[in-house]
>>> print(open('data_3.csv').read())   # CSV, C-alpha atoms
chain,number,residue,atom,x,y,z
A,1,MET,CA,0.0,0.0,0.0
A,2,GLN,CA,1.3,3.4,-0.9
A,3,VAL,CA,0.8,6.5,1.3
A,4,GLU,CA,1.7,9.8,-0.3
A,5,ILE,CA,2.0,12.8,1.9
A,6,TRP,CA,1.9,16.3,0.6
A,7,SER,CA,3.6,18.7,3.0
A,8,ASP,CA,5.5,21.9,3.2
A,9,ILE,CA,8.6,22.4,5.4
A,10,VAL,CA,7.4,25.7,6.9
A,11,CYS,CA,4.0,24.3,7.8
A,12,PRO,CA,3.7,23.7,11.6
A,13,TRP,CA,0.6,21.6,11.1
A,14,CYS,CA,2.5,19.3,8.7
A,15,TYR,CA,5.0,18.3,11.4
A,16,ILE,CA,2.1,17.7,13.8
A,17,GLY,CA,0.3,15.6,11.2
A,18,LYS,CA,3.5,13.7,10.5
A,19,ARG,CA,3.8,12.7,14.2
A,20,ARG,CA,0.2,11.7,14.4
A,21,PHE,CA,0.4,9.6,11.2
A,22,GLU,CA,3.5,7.9,12.6
A,23,LYS,CA,1.7,6.9,15.7
A,24,ALA,CA,-1.2,5.4,13.7
A,25,LEU,CA,1.3,3.6,11.4
A,26,ALA,CA,3.2,2.2,14.4
A,27,GLU,CA,0.0,0.6,15.7
A,28,PHE,CA,-1.2,-0.6,12.2
A,29,ALA,CA,-1.0,-4.4,11.9
A,30,HIS,CA,0.1,-4.2,8.3
A,31,ALA,CA,2.7,-1.4,8.6
A,32,ASP,CA,5.3,-3.5,6.9
A,33,GLU,CA,3.2,-3.4,3.7
A,34,VAL,CA,3.1,0.5,3.7
A,35,GLU,CA,5.4,2.5,1.5
A,36,VAL,CA,5.4,6.2,2.4
A,37,THR,CA,6.3,8.8,-0.2
A,38,TRP,CA,6.8,12.5,0.6
A,39,ARG,CA,5.4,14.9,-1.9
A,40,SER,CA,6.2,18.6,-2.3
A,41,PHE,CA,3.9,21.5,-1.7
A,42,GLN,CA,4.4,25.2,-1.3
A,43,LEU,CA,2.0,27.2,0.9
A,44,ASP,CA,3.5,30.4,-0.3
A,45,PRO,CA,5.2,29.8,-3.7
A,46,GLY,CA,5.4,33.6,-4.3
A,47,PHE,CA,7.7,34.1,-1.3
A,48,ALA,CA,11.0,35.6,-2.5
A,49,LYS,CA,13.8,33.1,-2.9
A,50,GLY,CA,16.9,33.7,-0.9
A,51,GLU,CA,15.1,35.9,1.5
A,52,GLY,CA,14.4,35.1,5.2
A,53,VAL,CA,11.7,37.1,7.0
A,54,PRO,CA,10.9,36.7,10.8
A,55,VAL,CA,7.9,34.4,11.2
A,56,TYR,CA,5.8,36.9,13.1
A,57,ASP,CA,6.5,39.7,10.5
A,58,ALA,CA,5.8,37.4,7.6
A,59,LEU,CA,2.5,36.1,9.0
A,60,SER,CA,1.4,39.6,10.1
A,61,LYS,CA,1.8,40.8,6.6
A,62,LYS,CA,0.2,37.7,5.0
A,63,MET,CA,-2.8,37.8,7.3
A,64,GLY,CA,-3.1,41.6,7.7
A,65,ALA,CA,-3.1,41.1,11.4
A,66,PRO,CA,-1.2,42.8,14.3
A,67,ARG,CA,2.0,41.0,15.5
A,68,GLU,CA,0.4,40.3,18.9
A,69,GLN,CA,-2.5,38.5,17.3
A,70,VAL,CA,-0.1,36.4,15.2
A,71,ARG,CA,1.9,35.7,18.4
A,72,ALA,CA,-1.2,34.5,20.2
A,73,MET,CA,-2.2,32.3,17.3
A,74,THR,CA,1.2,30.7,17.0
A,75,GLU,CA,1.3,30.1,20.7
A,76,GLN,CA,-1.8,27.9,20.4
A,77,VAL,CA,-0.2,25.9,17.6
A,78,LYS,CA,3.0,25.7,19.8
A,79,GLN,CA,1.0,24.1,22.6
A,80,VAL,CA,-0.6,21.5,20.2
A,81,ALA,CA,2.9,20.7,18.8
A,82,ALA,CA,4.2,20.2,22.4
A,83,GLU,CA,1.6,17.5,22.9
A,84,GLU,CA,3.3,15.6,20.1
A,85,GLY,CA,6.8,16.2,21.5
A,86,LEU,CA,7.7,19.1,19.2
A,87,GLU,CA,9.1,22.3,20.7
A,88,TYR,CA,8.5,25.0,18.1
A,89,ASP,CA,10.4,28.2,18.2
A,90,PHE,CA,8.3,30.8,16.2
A,91,ALA,CA,9.9,33.7,18.0
A,92,SER,CA,13.3,33.0,16.4
A,93,GLY,CA,11.9,31.4,13.3
A,94,VAL,CA,12.4,32.7,9.7
A,95,MET,CA,9.9,32.3,6.9
A,96,VAL,CA,11.5,31.3,3.6
A,97,ASN,CA,10.7,30.0,0.1
A,98,THR,CA,10.9,26.2,0.4
A,99,PHE,CA,11.4,25.2,-3.2
A,100,ASP,CA,15.1,24.4,-2.9
A,101,ALA,CA,14.6,22.5,0.3
A,102,HIS,CA,12.0,20.4,-1.5
A,103,ARG,CA,14.5,19.7,-4.3
A,104,LEU,CA,16.9,18.4,-1.7
A,105,VAL,CA,14.1,16.2,-0.3
A,106,HIS,CA,13.7,14.7,-3.7
A,107,LEU,CA,17.4,14.1,-3.9
A,108,ALA,CA,17.2,12.3,-0.6
A,109,GLN,CA,14.2,10.4,-1.7
A,110,SER,CA,16.0,9.1,-4.7
A,111,LYS,CA,18.5,7.5,-2.2
A,112,GLY,CA,15.9,6.1,0.2
A,113,LEU,CA,16.2,9.0,2.6
A,114,GLY,CA,13.0,10.8,1.9
A,115,ASP,CA,11.4,10.5,5.4
A,116,ALA,CA,14.7,11.4,7.1
A,117,ALA,CA,15.1,14.5,4.9
A,118,HIS,CA,11.6,15.8,5.5
A,119,GLU,CA,12.0,15.2,9.2
A,120,ALA,CA,15.3,17.0,9.3
A,121,PHE,CA,14.2,20.0,7.3
A,122,MET,CA,11.0,20.5,9.4
A,123,ASP,CA,13.1,20.2,12.5
A,124,ALA,CA,15.6,22.7,11.2
A,125,GLN,CA,12.8,25.1,10.2
A,126,LEU,CA,10.3,24.8,13.1
A,127,VAL,CA,12.3,23.6,16.1
A,128,ARG,CA,15.8,24.8,15.6
A,129,ALA,CA,14.7,28.0,13.8
A,130,GLU,CA,17.4,27.9,11.2
A,131,ASP,CA,17.4,30.3,8.2
A,132,LEU,CA,16.8,27.9,5.3
A,133,SER,CA,17.0,30.8,2.8
A,134,ASP,CA,20.8,30.3,3.3
A,135,PRO,CA,22.2,27.6,0.9
A,136,GLU,CA,24.8,26.8,3.6
A,137,ALA,CA,22.0,25.9,6.1
A,138,LEU,CA,20.3,23.7,3.5
A,139,VAL,CA,23.6,21.9,2.8
A,140,LYS,CA,24.2,21.4,6.5
A,141,VAL,CA,20.8,19.7,6.9
A,142,ALA,CA,21.5,17.5,3.8
A,143,VAL,CA,24.8,16.4,5.2
A,144,GLU,CA,23.2,15.6,8.6
A,145,ILE,CA,21.0,13.0,7.0
A,146,GLY,CA,23.8,11.4,5.0
A,147,LEU,CA,23.7,13.1,1.7
A,148,ALA,CA,27.1,13.9,0.1
A,149,GLU,CA,27.9,17.6,0.5
A,150,ALA,CA,29.1,17.9,-3.1
A,151,GLU,CA,25.9,16.4,-4.5
A,152,ALA,CA,23.7,18.7,-2.4
A,153,ARG,CA,25.7,21.8,-3.6
A,154,GLU,CA,25.4,20.6,-7.2
A,155,VAL,CA,21.6,20.3,-6.8
A,156,LEU,CA,21.3,23.8,-5.3
A,157,ALA,CA,23.6,25.3,-8.0
A,158,GLY,CA,21.4,24.0,-10.8
A,159,ASP,CA,17.8,23.0,-11.5
A,160,ALA,CA,17.9,19.3,-10.6
A,161,PHE,CA,14.5,18.0,-9.3
A,162,THR,CA,12.7,21.2,-10.3
A,163,ALA,CA,10.4,19.2,-12.5
A,164,GLU,CA,9.7,16.7,-9.8
A,165,VAL,CA,8.7,19.4,-7.3
A,166,ASN,CA,6.5,21.1,-9.8
A,167,ALA,CA,4.9,17.7,-10.7
A,168,ASP,CA,4.1,17.0,-7.0
A,169,ILE,CA,2.4,20.4,-6.7
A,170,ASP,CA,0.4,19.9,-9.9
A,171,THR,CA,-0.7,16.5,-8.7
A,172,ALA,CA,-1.9,17.9,-5.4
A,173,ARG,CA,-4.1,20.4,-7.3
A,174,GLN,CA,-5.5,17.6,-9.5
A,175,LEU,CA,-6.4,15.6,-6.4
A,176,GLY,CA,-8.2,18.6,-5.0
A,177,ALA,CA,-5.7,19.5,-2.2
A,178,THR,CA,-6.0,23.2,-1.2
A,179,GLY,CA,-3.7,22.9,1.8
A,180,VAL,CA,-1.4,20.6,3.6
A,181,PRO,CA,-0.8,18.2,5.2
A,182,PHE,CA,-2.6,16.0,2.7
A,183,PHE,CA,-2.4,12.2,3.0
A,184,VAL,CA,-3.5,9.9,0.2
A,185,MET,CA,-3.7,6.1,0.5
A,186,ASP,CA,-3.4,4.2,-2.8
A,187,ARG,CA,-4.9,7.3,-4.6
A,188,ALA,CA,-8.2,6.1,-3.2
A,189,PHE,CA,-8.5,7.5,0.4
A,190,GLY,CA,-7.6,11.0,1.4
A,191,VAL,CA,-7.0,12.6,4.8
A,192,SER,CA,-6.7,16.4,4.9
A,193,GLY,CA,-5.1,18.1,7.8
A,194,ALA,CA,-3.3,17.1,11.0
A,195,GLN,CA,-6.2,14.8,12.1
A,196,PRO,CA,-6.3,12.8,15.3
A,197,VAL,CA,-4.5,9.5,15.3
A,198,GLU,CA,-7.7,7.5,15.1
A,199,VAL,CA,-8.6,9.2,11.8
A,200,PHE,CA,-5.3,8.0,10.3
A,201,THR,CA,-5.8,4.5,11.7
A,202,SER,CA,-9.3,4.3,10.1
A,203,ALA,CA,-8.0,5.5,6.7
A,204,LEU,CA,-5.1,3.0,6.8
A,205,GLU,CA,-7.5,0.1,7.6
A,206,LYS,CA,-10.0,1.1,4.9
A,207,ALA,CA,-7.2,1.4,2.3
A,208,HIS,CA,-5.8,-2.0,3.3
A,209,GLN,CA,-9.2,-3.7,3.1
A,210,ALA,CA,-9.9,-2.1,-0.3
A,211,ALA,CA,-6.5,-3.3,-1.6
A,212,ARG,CA,-7.4,-6.9,-0.6
A,213,ALA,CA,-10.9,-6.8,-1.9
>>> encode(input="data_3.csv", output="structure tokens")
Amino acid sequence: MQVEIWSDIVCPWCYIGKRRFEKALAEFAHADEVEVTWRSFQLDPGFAKGEGVPVYDALSKKMGAPREQVRAMTEQVKQVAAEEGLEYDFASGVMVNTFDAHRLVHLAQSKGLGDAAHEAFMDAQLVRAEDLSDPEALVKVAVEIGLAEAEAREVLAGDAFTAEVNADIDTARQLGATGVPFFVMDRAFGVSGAQPVEVFTSALEKAHQAARA
């Protein structure tokens, strides 16, 4: 059974959704039959490349809301994340264009490191509050998960995996995804959002039963 997960690295709910899905998968009796594939998505594709903007400032501008309102909103998300063992740092965080990070995730996926890459980039963005608009920061994360530094730099210097990232985004639109996280089981069952663990458990069981029917 194939599970495809559309996600963006700057999306706090995507990391929460990842943790909840992992809990459901760990309890799923047929977990050894599940292949997870990470798919790219950009919540803000128009965000300037190579530019990092403090999270509060970026969200305040995007939402047209005062910084204090944004701070209160992110504090609520931070509390939900903490329940999943994730310690978000929005105060030090920097909003970036994630296209190059997604290209490196595709590089990692081509070497069987897709899950490790997505985990590492979300941790760097949301927990460690690193500035991923800096190519050096991207390379650092790539090396941490076992990618060759030279290969990561080569990808960033060119346009490798651009087509793959764009194809993921196009497919998400075709499947009707308007936001992330978006989980699709065998292109037949979809779960939108960071749903409770039991929702993922139910979807996995339904997809497994359908595959055996």
>>> residues_near_point(input="data_3.csv", point="(2.6, 21.5, -0.9)", cutoff="12 Å", atoms="all atoms listed in the file", output="ChimeraX atom specification")
/A:4-11,14,38-45,97-99,102,165-173,176-183
>>> write_last_selection(input="data_3.csv", atoms="C-alpha atoms", output="PDB file, in the coordinates of the input")
ATOM      1  CA  GLU A   4       1.700   9.800  -0.300  1.00  0.00           C
ATOM      2  CA  ILE A   5       2.000  12.800   1.900  1.00  0.00           C
ATOM      3  CA  TRP A   6       1.900  16.300   0.600  1.00  0.00           C
ATOM      4  CA  SER A   7       3.600  18.700   3.000  1.00  0.00           C
ATOM      5  CA  ASP A   8       5.500  21.900   3.200  1.00  0.00           C
ATOM      6  CA  ILE A   9       8.600  22.400   5.400  1.00  0.00           C
ATOM      7  CA  VAL A  10       7.400  25.700   6.900  1.00  0.00           C
ATOM      8  CA  CYS A  11       4.000  24.300   7.800  1.00  0.00           C
ATOM      9  CA  CYS A  14       2.500  19.300   8.700  1.00  0.00           C
ATOM     10  CA  TRP A  38       6.800  12.500   0.600  1.00  0.00           C
ATOM     11  CA  ARG A  39       5.400  14.900  -1.900  1.00  0.00           C
ATOM     12  CA  SER A  40       6.200  18.600  -2.300  1.00  0.00           C
ATOM     13  CA  PHE A  41       3.900  21.500  -1.700  1.00  0.00           C
ATOM     14  CA  GLN A  42       4.400  25.200  -1.300  1.00  0.00           C
ATOM     15  CA  LEU A  43       2.000  27.200   0.900  1.00  0.00           C
ATOM     16  CA  ASP A  44       3.500  30.400  -0.300  1.00  0.00           C
ATOM     17  CA  PRO A  45       5.200  29.800  -3.700  1.00  0.00           C
ATOM     18  CA  ASN A  97      10.700  30.000   0.100  1.00  0.00           C
ATOM     19  CA  THR A  98      10.900  26.200   0.400  1.00  0.00           C
ATOM     20  CA  PHE A  99      11.400  25.200  -3.200  1.00  0.00           C
ATOM     21  CA  HIS A 102      12.000  20.400  -1.500  1.00  0.00           C
ATOM     22  CA  VAL A 165       8.700  19.400  -7.300  1.00  0.00           C
ATOM     23  CA  ASN A 166       6.500  21.100  -9.800  1.00  0.00           C
ATOM     24  CA  ALA A 167       4.900  17.700 -10.700  1.00  0.00           C
ATOM     25  CA  ASP A 168       4.100  17.000  -7.000  1.00  0.00           C
ATOM     26  CA  ILE A 169       2.400  20.400  -6.700  1.00  0.00           C
ATOM     27  CA  ASP A 170       0.400  19.900  -9.900  1.00  0.00           C
ATOM     28  CA  THR A 171      -0.700  16.500  -8.700  1.00  0.00           C
ATOM     29  CA  ALA A 172      -1.900  17.900  -5.400  1.00  0.00           C
ATOM     30  CA  ARG A 173      -4.100  20.400  -7.300  1.00  0.00           C
ATOM     31  CA  GLY A 176      -8.200  18.600  -5.000  1.00  0.00           C
ATOM     32  CA  ALA A 177      -5.700  19.500  -2.200  1.00  0.00           C
ATOM     33  CA  THR A 178      -6.000  23.200  -1.200  1.00  0.00           C
ATOM     34  CA  GLY A 179      -3.700  22.900   1.800  1.00  0.00           C
ATOM     35  CA  VAL A 180      -1.400  20.600   3.600  1.00  0.00           C
ATOM     36  CA  PRO A 181      -0.800  18.200   5.200  1.00  0.00           C
ATOM     37  CA  PHE A 182      -2.600  16.000   2.700  1.00  0.00           C
ATOM     38  CA  PHE A 183      -2.400  12.200   3.000  1.00  0.00           C
TER      39      PHE A 183
END
>>> atom_distance(input="data_3.csv", atom1="CA of Gln209 (chain A)", atom2="CA of Glu33 (chain A)")
12.4 Å
>>> atom_distance(input="data_3.csv", atom1="CA of Ala117 (chain A)", atom2="CA of His30 (chain A)")
24.2 Å
>>> closest_residue(input="data_3.csv", among="A:Ala210, A:Val34, A:Ala150, A:Ile16", to="Tyr88 (chain A)", atoms="only C-alpha atoms")
A:Ile16
>>> residues_around(input="data_3.csv", residues="Met1 (chain A)", least_positions_apart="4", cutoff="10 Å", atoms="all atoms listed in the file", output="MDAnalysis selection string")
chainID A and resid 30:36 185:187 204 207:208 211
>>> residues_around(input="data_3.csv", residues="Phe161 (chain A)", least_positions_apart="5", cutoff="9 Å", atoms="all atoms listed in the file", output="list of chain:residue names")
A:His102, A:Arg103, A:Leu104, A:His106, A:Leu107, A:Val155, A:Asn166
>>> atom_distance(input="data_3.csv", atom1="CA of Phe28 (chain A)", atom2="CA of His118 (chain A)")
21.9 Å
>>> residues_near_point(input="data_3.csv", point="(9.4, 38.5, 18.8)", cutoff="10 Å", atoms="all atoms listed in the file", output="count of residues only")
11
>>> residues_around(input="data_3.csv", residues="Lys140 (chain A)", least_positions_apart="3", cutoff="12 Å", atoms="only C-alpha atoms", output="ChimeraX atom specification")
/A:101,104,117,120-121,124,130-132,134-137,143-150,152-153
>>> closest_residue(input="data_3.csv", among="A:Ser133, A:Gly64, A:Lys78, A:Gly112", to="Ala48 (chain A)", atoms="only C-alpha atoms")
A:Ser133
>>> closest_residue(input="data_3.csv", among="A:Arg20, A:Ala72, A:Ala213, A:Thr37", to="Asp115 (chain A)", atoms="all atoms listed in the file")
A:Thr37
>>> closest_residue(input="data_3.csv", among="A:Gln109, A:Leu86, A:Lys61, A:Val139", to="Ala157 (chain A)", atoms="all atoms listed in the file")
A:Val139
>>> closest_residue(input="data_3.csv", among="A:Met95, A:Gly46, A:Val77, A:Glu84", to="Leu59 (chain A)", atoms="only C-alpha atoms")
A:Met95
>>> closest_residue(input="data_3.csv", among="A:Gln76, A:Gly50, A:Gly17, A:Pro12", to="Ser192 (chain A)", atoms="only C-alpha atoms")
A:Gly17
